[in-house]
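Chemist: Structure incoming, see below.
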Protein chains: 2
Amino acid sequence: MRVITSPSLLILHHHHGGATTLLRSFRRNFSFFPPSFSISNPKSRAYSTSSTSSAEPQPGSLIIESNERTGRSGSLASPLTHLDITQKIDVNPPKGTRDFPPEDMRLRSWLFQNFREVSQLFGFEEVDFPVLESEALFIRKAGEEIRDQLYCFEDRGNRRVALRPELTPSLARLVIQKGKSVSLPLKWYAIGQCWRYERMTRGRRREHYQWNMDIIGVPDVAAEAELISSIVTFFKRIGITASDVGFKVSSRKVLQEVLRRYSVPESLFGRVCIIIDKMEKIPIDEIKKELKSAELSEEAIDELLEILSMKSLATLEEKLGDSVEALADLKQLFLLAEKYGYSEWIQFDASIVRGLAYYTGIVFEGFDREGKLRAICGGGRYDRLLSTFGGDDIPACGFGFGDAVIVELLKERGLLPELGPQVENIVCSLDQDLQGAASAVAAKLREKGQSVDLVLENKPLKWVFKRAARINACRLILVGSAEWQKGMVRVKILSSGEQYEIKVNELQ
Amino acid sequence: MRVITSPSLLILHHHHGGATTLLRSFRRNFSFFPPSFSISNPKSRAYSTSSTSSAEPQPGSLIIESNERTGRSGSLASPLTHLDITQKIDVNPPKGTRDFPPEDMRLRSWLFQNFREVSQLFGFEEVDFPVLESEALFIRKAGEEIRDQLYCFEDRGNRRVALRPELTPSLARLVIQKGKSVSLPLKWYAIGQCWRYERMTRGRRREHYQWNMDIIGVPDVAAEAELISSIVTFFKRIGITASDVGFKVSSRKVLQEVLRRYSVPESLFGRVCIIIDKMEKIPIDEIKKELKSAELSEEAIDELLEILSMKSLATLEEKLGDSVEALADLKQLFLLAEKYGYSEWIQFDASIVRGLAYYTGIVFEGFDREGKLRAICGGGRYDRLLSTFGGDDIPACGFGFGDAVIVELLKERGLLPELGPQVENIVCSLDQDLQGAASAVAAKLREKGQSVDLVLENKPLKWVFKRAARINACRLILVGSAEWQKGMVRVKILSSGEQYEIKVNELQ
């Protein structure tokens with residue numbers, strides 16, 4: 001089929017069953033899609049780095065071509081008519097989203113498999129929640145970026161719903177729902193797609209997958225230590241070392257202590273945290289202005305900024321004294337890190353507060369030591385989230401680990417695994433009449449747990465070898481009539497070139 | 001914390017750090033949520049059968065409680081204030097959706113793992129697409145149920161988008177996008193969540209997961225035979241036999257042939273298929289009326305209904321003659337089924353047309369032989385889908401297999417697997433001071449690939465044994481100070497009760 005386009009007319013030439021049909025197709029531009037005729041076909045890759053990605057479809061590149069025939073015809077020749085409508089669609093996934101063709105899916109599966117294996121090594125159980133939740137679950141008034149970028153809308157039943165931006169509120173909801181029927185502590189992990197809606201800057205995406213691990217019901221920092229240990233285990237397993245990444249650790253209780261000393265109302269706590277979290281992104285004067293507008297005194301702001309610049313627990317202790325809760329927590333965490341054996345991975349950094357309003361204690365962030373990438377993961381303690389939803393509070397902590405930055409890091413370090421397709425056998429009949437015989441051979445092998453790519457058409461041997469190479473098959477099994485009459489097939493080991501005949505029943 | 005509610009006032013008593021705070025919280029009912037105070041807490045289960053499910057939240061049961069303090073306070077005692085807002089949320093997932101707590105997630109993972117293993121046994125590669133697509137991708141005018149129930153909305157950028165109701169259109173989009181860069185045939189599988197929006201009848205859900213396998217680029221029915229073989233393999237693997245389920249198979253070419261004989265325009269083909277697909281759901285007079293309004297003659301309708309009642313290929317051949325394409329396809333398929341060894345699973349049934357507009361050839365449906373359940377899975381050939389999106393057609397076929405009916409069937413047959421939590425070791429310190437030592441022991445075991453649930457608090461031994469039983473641990477490892485001073489730990493094999501001391505380094 002050739003498609004010739006002109007700005008107002010789409011002419012389709014069909015060659016099907018020998019018949020040529022000339023169709024006139026009048027374009028109907030839906031009001032929300034500016035006119036365009038291009039089908040862009042970027043080599044869009046799910047795990048391309050944000051800086052090199054040019055995969056974003058242009059706004060309005062989705063067009064619809066309505067193909068309504070002016071007359072009727074009894075002809076069956078046209079392949080286009082039986083669906084009543086012909087559309088010329090944008091072949092790209094929606095703006096900011098990804099397809100996962102096999103090569104990208106293999107990487108995603110590898111990543112998820114490592115998330116799962118580490119979680120299970122730590123005795124965590126997998127859970128999941130709906131990707132679509134009530135908007136109310138995510139509405140907090142602290143000025144979080146995540147709230148501003150909520151992918152929300154009204155559904156057909158006029159309910160306010162949102163594609164989840166994170167997993168923790170759903171987890172909290174489920175914990176409240178389960179109530180006394182579960183025995184604490186819960187150790188749960190989840191791998192789920194999360195969404196945000198933002199004005200698209202170059203290469204930023206609107207969805208990512210996030211690995212979460214949460215411990216519900218443990219007030220002690222032993223829980224945070226266990227969480228960081230699991231991330232370290234994950235890093236080691238995929239080849240990342242302590243010289244590649246580290247964790248910056250602090251506690252929101254440090255901030256809380258400063259606010260307390262300056263009699264700042266605790267109702268401002270979440271908001272102040274969110275302002276401070278922006279410190280690396282916006283100028284310091286801007287931060288000061290925002291803190292002022294949150295009614296902090298000049299003195300409190302100066303004190304706050306001084307403390308936030310601290311990189312050692314000793315300095316912090318000098319400043320705050322040794323009796324504050326924050327210090328005891330942090331010391332205990334560093335002590336446990338030593339016992340676990342991951343001391344070299346973590347460092348105190350008072351400037352870490354994280355961008356979610358609900359953290360109450362220890363917060364941590366995994367970072368790239370070369371300083372090129374955004375945070376790799378982050379988490380902390382959120383002992384008071386449940387009561388904000390009307391439940392009884394249970395001490396809890398957890399982390400989120402996205403699928404984007406880690407892949408960029410693996411690329412940078414040359415650590416991306418080589419993951420090809422892998423099928424053990426390719427089975428092919430040498431004769432159209434033996435297709436059924438080949439099916440029988442494939443079925444026998446599969447019964448024995450052997451994976452088989454069965455050639456479903458009559459193809460030349462050259463084609464079969466090419467396909468065998470593409471799917472990394474180990475064995476080629478040919479079903480030819482001479483052998484088949486003896487109940488045998490011809491086997492070729494593709495790595496060595498070794499060939500032999502074997503009885504079908506003896507195939508292993 | 002105690003919560004006392006009255007219709008217009010929420011009073012919260014906080015006991016935290018010895019302080020008691022009395023908060024007044026004025027309810028703010030958002031206009032789209034009718035007032036209600038109940039937090040319903042159903043024992044909602046993801047895989048409960050539709051007939052017994054009472055998990056549906058009632059319309060409007062989501063409420064929001066806004067807790068804004070009237071005055072300010074410097075007190076840090078209230079756990080509620082730092083997020084600025086307190087909501088009393090519905091603890092249920094949104095109407096028609098599911099949470100997956102661990103017990104349900106285990107079943108889902110088991111099911112998906114079987115989907116994956118079977119797909120890989122057949123040499124298929126996994127792919128995925130965005131759950132959110134342009135609405136245009138799913139708009140067909142044939143009157144499909146799937147189209148009427150499209151979960152669509154306008155996003156914040158005023159784009160018409162939809163939560164995918166099925167995976168095939170996204171697959172077609174990706175195939176067009178990939179163009180000549182892929183070598184045919186493609187054998188792809190996907191497991192994805194699909195959505196529909198419908199007025200909720202009792203227990204019907206708005207989302208389900210669907211396993212798809214598709215073969216792109218094979219015109220021969222060998223492809224359909226391979227697809228059905230993979231589903232049969234799946235059934236066998238999970239304990240379902242040919243006496244539990246079967247496949248009804250037909251070809252849309254039968255219908256096409258009848259329409260051709262009565263000179264019905266092919267533009268009506270999709271619509272006629274959709275009408276006929278409803279035959280088991282609505283009265284036959286209704287069907288006739290709809291066919292009439294699709295401008296079929298009485299004679300054509302009678303002929304159609306006669307042919308649709310046929311259950312044998314021989315009868316069909318008598319009626320249509322032996323030269324029609326539909327018959328050749330069906331005969332070849334049944335021949336191949338014999339070679340594969342699944343003849344007893346399949347039967348010809350002309351009434352099968354399936355409810356999607358784009359099928360063009362063989363169609364099939366997996367059904368419960370007791371006749372209690374809806375279709376378990378379904379699929380067919382869709383050789384002309386790509387051109388409806390503006391691409392060049394490639395012969396293709398595939399199936400969809402949902403996660404709901406199969407679980408109902410397994411339950412009915414008593415075949416649901418027993419899937420408990422499973423952690424190899426539980427490690428516990430006998431002394432608060434030895435928490436770090438226990439962490440070190442856990443880290444050592446995990447390095448050796450052993451899964452460990454580490455007890456993170458100082459708990460009585462009775463509690464530890466109870467937890468060990470709950471998670472099905474094999475070994476309990478106790479870190480006590482006397483043993484620890486010798487570099488040893490106490491091991492108890494939980495199945496036998498056997499106990500011994502062992503050097504930490506010798507633990508395997």
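Identifiers in the structure tokens: chain A, B, ... in order shown; residue index from 1 per chain; ligand index from 1 in order shown.
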Excluding Arg413 of chain B and residues on its chain fewer than 4 positions from it, collect all residues at most 9 Å away from it, counting only C-alpha atoms, and give them as a PyMOL selection string.
Modeler: chain B and resi 240+244+408-409
Chemist: Quick one: write out the picked residues with all heavy atoms as a JSON list (two decimals), in the first residue's frame?
Modeler:
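Listed below is the output, part_3.json:
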```json
[["chain", "number", "residue", "atom", "x", "y", "z"],
["B", 240, "ILE", "N", -5.12, -28.28, 35.01],
["B", 240, "ILE", "CA", -6.42, -28.28, 34.32],
["B", 240, "ILE", "C", -6.34, -29.28, 33.16],
["B", 240, "ILE", "O", -5.36, -29.29, 32.42],
["B", 240, "ILE", "CB", -6.71, -26.87, 33.76],
["B", 240, "ILE", "CG1", -6.69, -25.83, 34.88],
["B", 240, "ILE", "CG2", -8.01, -26.87, 32.95],
["B", 240, "ILE", "CD1", -8.00, -25.50, 35.48],
["B", 244, "ASP", "N", -11.90, -30.52, 31.98],
["B", 244, "ASP", "CA", -12.29, -29.27, 32.63],
["B", 244, "ASP", "C", -12.63, -28.19, 31.61],
["B", 244, "ASP", "O", -13.61, -27.48, 31.74],
["B", 244, "ASP", "CB", -11.16, -28.74, 33.51],
["B", 244, "ASP", "CG", -10.80, -29.67, 34.64],
["B", 244, "ASP", "OD1", -11.74, -30.14, 35.32],
["B", 244, "ASP", "OD2", -9.60, -29.93, 34.85],
["B", 408, "GLU", "N", -11.14, -18.36, 39.22],
["B", 408, "GLU", "CA", -12.44, -18.93, 39.62],
["B", 408, "GLU", "C", -12.49, -20.42, 39.31],
["B", 408, "GLU", "O", -12.95, -21.23, 40.11],
["B", 408, "GLU", "CB", -13.59, -18.21, 38.89],
["B", 408, "GLU", "CG", -13.79, -16.78, 39.34],
["B", 408, "GLU", "CD", -14.91, -16.08, 38.56],
["B", 408, "GLU", "OE1", -15.97, -16.70, 38.37],
["B", 408, "GLU", "OE2", -14.71, -14.93, 38.14],
["B", 409, "LEU", "N", -11.98, -20.77, 38.13],
["B", 409, "LEU", "CA", -11.98, -22.17, 37.72],
["B", 409, "LEU", "C", -11.11, -23.02, 38.65],
["B", 409, "LEU", "O", -11.51, -24.11, 39.10],
["B", 409, "LEU", "CB", -11.48, -22.29, 36.28],
["B", 409, "LEU", "CG", -11.44, -23.71, 35.70],
["B", 409, "LEU", "CD1", -12.85, -24.26, 35.51],
["B", 409, "LEU", "CD2", -10.69, -23.74, 34.36]]
```
Chemist: Contacts of Ala314 of chain A at 12 Å or less, counting only C-alpha atoms, minus same-chain residues fewer than 5 places along, as an mmCIF file with N, CA and C atoms, in the first residue's frame?
Modeler:
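Contents of the output file result.cif:
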```cif
data_model
loop_
_atom_site.group_PDB
_atom_site.id
_atom_site.type_symbol
_atom_site.label_atom_id
_atom_site.label_comp_id
_atom_site.auth_asym_id
_atom_site.auth_seq_id
_atom_site.Cartn_x
_atom_site.Cartn_y
_atom_site.Cartn_z
ATOM 1 N N ILE A 307 23.344 24.748 60.322
ATOM 2 C CA ILE A 307 23.261 23.335 60.695
ATOM 3 C C ILE A 307 23.151 22.437 59.467
ATOM 4 N N LYS A 319 27.027 21.438 68.391
ATOM 5 C CA LYS A 319 26.021 22.480 68.239
ATOM 6 C C LYS A 319 24.757 22.206 69.061
ATOM 7 N N LEU A 320 24.255 20.972 68.962
ATOM 8 C CA LEU A 320 22.949 20.674 69.561
ATOM 9 C C LEU A 320 23.029 20.030 70.936
ATOM 10 N N GLY A 321 24.231 19.603 71.340
ATOM 11 C CA GLY A 321 24.339 18.842 72.589
ATOM 12 C C GLY A 321 24.075 17.374 72.310
ATOM 13 N N ASP A 322 24.437 16.523 73.278
ATOM 14 C CA ASP A 322 24.367 15.085 72.989
ATOM 15 C C ASP A 322 23.065 14.431 73.403
ATOM 16 N N LEU A 327 20.450 12.742 67.286
ATOM 17 C CA LEU A 327 21.828 12.269 67.386
ATOM 18 C C LEU A 327 21.910 10.809 67.788
ATOM 19 N N ALA A 328 21.085 10.432 68.745
ATOM 20 C CA ALA A 328 21.085 9.031 69.193
ATOM 21 C C ALA A 328 20.731 8.111 68.031
ATOM 22 N N LEU A 330 21.027 8.682 64.767
ATOM 23 C CA LEU A 330 22.061 8.667 63.731
ATOM 24 C C LEU A 330 23.281 7.863 64.186
ATOM 25 N N LYS A 331 23.657 8.027 65.447
ATOM 26 C CA LYS A 331 24.808 7.263 65.964
ATOM 27 C C LYS A 331 24.529 5.768 65.903
ATOM 28 N N PHE A 348 27.123 11.044 56.926
ATOM 29 C CA PHE A 348 26.154 12.010 57.450
ATOM 30 C C PHE A 348 26.165 13.267 56.592
ATOM 31 N N ASP A 349 25.001 13.779 56.269
ATOM 32 C CA ASP A 349 24.902 15.038 55.541
ATOM 33 C C ASP A 349 23.599 15.717 55.941
ATOM 34 N N ALA A 350 23.734 16.766 56.766
ATOM 35 C CA ALA A 350 22.544 17.401 57.350
ATOM 36 C C ALA A 350 21.642 18.038 56.305
#
```
Chemist: Need the shell around Gly402 of chain A: protein/DNA/RNA residues with any atom at most 9 Å away, counting only C-alpha atoms. Skip same-chain ones fewer than 5 positions apart. Format as a PyMOL selection string?
Modeler: chain A and resi 208-212+376-377
Chemist: Can you spit out the residues from that selection as an mmCIF file, in the first residue's frame, using N, CA, C and O atoms?
Modeler:
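Generated file (selection.cif):
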```
data_model
loop_
_atom_site.group_PDB
_atom_site.id
_atom_site.type_symbol
_atom_site.label_atom_id
_atom_site.label_comp_id
_atom_site.auth_asym_id
_atom_site.auth_seq_id
_atom_site.Cartn_x
_atom_site.Cartn_y
_atom_site.Cartn_z
ATOM 1 N N HIS A 208 7.590 6.169 35.578
ATOM 2 C CA HIS A 208 8.749 5.319 35.836
ATOM 3 C C HIS A 208 8.287 4.164 36.732
ATOM 4 O O HIS A 208 7.184 4.184 37.264
ATOM 5 N N TYR A 209 9.107 3.150 36.817
ATOM 6 C CA TYR A 209 8.818 2.068 37.746
ATOM 7 C C TYR A 209 9.617 2.298 39.008
ATOM 8 O O TYR A 209 10.742 2.801 38.964
ATOM 9 N N GLN A 210 9.014 1.949 40.125
ATOM 10 C CA GLN A 210 9.689 2.188 41.387
ATOM 11 C C GLN A 210 9.648 0.929 42.246
ATOM 12 O O GLN A 210 8.604 0.308 42.397
ATOM 13 N N TRP A 211 10.817 0.598 42.754
ATOM 14 C CA TRP A 211 10.929 -0.494 43.723
ATOM 15 C C TRP A 211 10.821 0.116 45.114
ATOM 16 O O TRP A 211 11.535 1.067 45.429
ATOM 17 N N ASN A 212 9.912 -0.381 45.904
ATOM 18 C CA ASN A 212 9.752 0.080 47.281
ATOM 19 C C ASN A 212 9.966 -1.073 48.248
ATOM 20 O O ASN A 212 9.534 -2.204 47.974
ATOM 21 N N ILE A 376 19.584 8.484 43.154
ATOM 22 C CA ILE A 376 19.297 7.141 42.631
ATOM 23 C C ILE A 376 18.110 6.516 43.363
ATOM 24 O O ILE A 376 17.314 5.799 42.788
ATOM 25 N N CYS A 377 18.017 6.822 44.643
ATOM 26 C CA CYS A 377 16.930 6.287 45.458
ATOM 27 C C CYS A 377 16.834 7.139 46.706
ATOM 28 O O CYS A 377 17.729 7.936 46.980
#
```
Chemist: Skipping near chain neighbours, those fewer than 3 positions away, what residues fall within 6 Å of Ile471 of chain A using only C-alpha atoms, listed as a list in words?
Modeler: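 Everything that qualifies: Pro421, Gln422 and Ala468 of chain A.
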Chemist: Output the selection as a PDB file, in the first residue's frame - all heavy atoms for each residue.
Modeler:
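again.pdb written:
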```pdb
ATOM      1  N   PRO A 421      18.162 -12.551  23.284  1.00  0.00           N
ATOM      2  CA  PRO A 421      17.121 -13.576  23.357  1.00  0.00           C
ATOM      3  C   PRO A 421      17.803 -14.926  23.558  1.00  0.00           C
ATOM      4  O   PRO A 421      18.990 -15.062  23.280  1.00  0.00           O
ATOM      5  CB  PRO A 421      16.433 -13.499  21.994  1.00  0.00           C
ATOM      6  CG  PRO A 421      17.383 -12.803  21.085  1.00  0.00           C
ATOM      7  CD  PRO A 421      18.296 -11.991  21.931  1.00  0.00           C
ATOM      8  N   GLN A 422      17.102 -15.885  24.058  1.00  0.00           N
ATOM      9  CA  GLN A 422      17.725 -17.174  24.380  1.00  0.00           C
ATOM     10  C   GLN A 422      16.668 -18.259  24.274  1.00  0.00           C
ATOM     11  O   GLN A 422      15.790 -18.368  25.108  1.00  0.00           O
ATOM     12  CB  GLN A 422      18.285 -17.121  25.812  1.00  0.00           C
ATOM     13  CG  GLN A 422      19.151 -18.311  26.178  1.00  0.00           C
ATOM     14  CD  GLN A 422      20.575 -18.146  25.662  1.00  0.00           C
ATOM     15  OE1 GLN A 422      21.238 -17.197  26.025  1.00  0.00           O
ATOM     16  NE2 GLN A 422      21.021 -19.072  24.823  1.00  0.00           N
ATOM     17  N   ALA A 468      18.121 -18.786  13.721  1.00  0.00           N
ATOM     18  CA  ALA A 468      18.743 -19.512  14.841  1.00  0.00           C
ATOM     19  C   ALA A 468      19.819 -18.656  15.505  1.00  0.00           C
ATOM     20  O   ALA A 468      19.920 -18.592  16.735  1.00  0.00           O
ATOM     21  CB  ALA A 468      19.336 -20.824  14.353  1.00  0.00           C
TER      22      ALA A 468
END
```
Chemist: I'd like the neighbourhood of Ala440 of chain A as a PDB file with all heavy atoms, in the first residue's frame, where a residue qualifies if any of its atoms comes within 9 Å (using only C-alpha atoms), though same-chain residues fewer than 6 positions away should be ignored.
Modeler:
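Saved as around13.pdb:
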```pdb
ATOM      1  N   LEU B 336      -3.354 -30.267  12.538  1.00  0.00           N
ATOM      2  CA  LEU B 336      -2.184 -29.918  13.350  1.00  0.00           C
ATOM      3  C   LEU B 336      -2.425 -30.223  14.826  1.00  0.00           C
ATOM      4  O   LEU B 336      -1.529 -30.700  15.534  1.00  0.00           O
ATOM      5  CB  LEU B 336      -1.821 -28.443  13.167  1.00  0.00           C
ATOM      6  CG  LEU B 336      -1.173 -28.081  11.818  1.00  0.00           C
ATOM      7  CD1 LEU B 336      -1.046 -26.576  11.656  1.00  0.00           C
ATOM      8  CD2 LEU B 336       0.215 -28.737  11.704  1.00  0.00           C
ATOM      9  N   GLU B 338      -4.018 -32.546  16.073  1.00  0.00           N
ATOM     10  CA  GLU B 338      -3.778 -33.975  16.255  1.00  0.00           C
ATOM     11  C   GLU B 338      -2.288 -34.259  16.427  1.00  0.00           C
ATOM     12  O   GLU B 338      -1.880 -35.019  17.302  1.00  0.00           O
ATOM     13  CB  GLU B 338      -4.296 -34.684  15.013  1.00  0.00           C
ATOM     14  CG  GLU B 338      -4.901 -36.044  15.251  1.00  0.00           C
ATOM     15  CD  GLU B 338      -5.407 -36.600  13.925  1.00  0.00           C
ATOM     16  OE1 GLU B 338      -6.325 -35.980  13.328  1.00  0.00           O
ATOM     17  OE2 GLU B 338      -4.849 -37.625  13.469  1.00  0.00           O
ATOM     18  N   LYS B 339      -1.482 -33.618  15.575  1.00  0.00           N
ATOM     19  CA  LYS B 339      -0.032 -33.822  15.645  1.00  0.00           C
ATOM     20  C   LYS B 339       0.533 -33.297  16.970  1.00  0.00           C
ATOM     21  O   LYS B 339       1.387 -33.913  17.590  1.00  0.00           O
ATOM     22  CB  LYS B 339       0.668 -33.116  14.494  1.00  0.00           C
ATOM     23  CG  LYS B 339       0.187 -33.539  13.125  1.00  0.00           C
ATOM     24  CD  LYS B 339       0.622 -34.973  12.804  1.00  0.00           C
ATOM     25  CE  LYS B 339       0.221 -35.336  11.376  1.00  0.00           C
ATOM     26  NZ  LYS B 339       0.608 -36.704  11.038  1.00  0.00           N
ATOM     27  N   TYR B 340       0.068 -32.139  17.385  1.00  0.00           N
ATOM     28  CA  TYR B 340       0.497 -31.589  18.678  1.00  0.00           C
ATOM     29  C   TYR B 340       0.051 -32.479  19.832  1.00  0.00           C
ATOM     30  O   TYR B 340       0.669 -32.485  20.890  1.00  0.00           O
ATOM     31  CB  TYR B 340      -0.121 -30.205  18.900  1.00  0.00           C
ATOM     32  CG  TYR B 340       0.623 -29.028  18.311  1.00  0.00           C
ATOM     33  CD1 TYR B 340       0.160 -28.392  17.173  1.00  0.00           C
ATOM     34  CD2 TYR B 340       1.761 -28.510  18.935  1.00  0.00           C
ATOM     35  CE1 TYR B 340       0.803 -27.289  16.647  1.00  0.00           C
ATOM     36  CE2 TYR B 340       2.410 -27.398  18.417  1.00  0.00           C
ATOM     37  CZ  TYR B 340       1.935 -26.793  17.277  1.00  0.00           C
ATOM     38  OH  TYR B 340       2.584 -25.699  16.780  1.00  0.00           O
ATOM     39  N   GLY B 341      -1.083 -33.148  19.621  1.00  0.00           N
ATOM     40  CA  GLY B 341      -1.618 -33.997  20.675  1.00  0.00           C
ATOM     41  C   GLY B 341      -2.672 -33.321  21.538  1.00  0.00           C
ATOM     42  O   GLY B 341      -2.881 -33.726  22.675  1.00  0.00           O
TER      43      GLY B 341
END
```
Chemist: Name all residues at most 9 Å from Glu154 of chain B (count only C-alpha atoms; drop same-chain ones fewer than 3 positions away) and give them as a list of chain:residue names.
Modeler: A:Phe153, A:Glu154, A:Asp155, B:Gly157, B:Asn158, B:Arg159, B:Arg160, B:Val161, B:Ala162
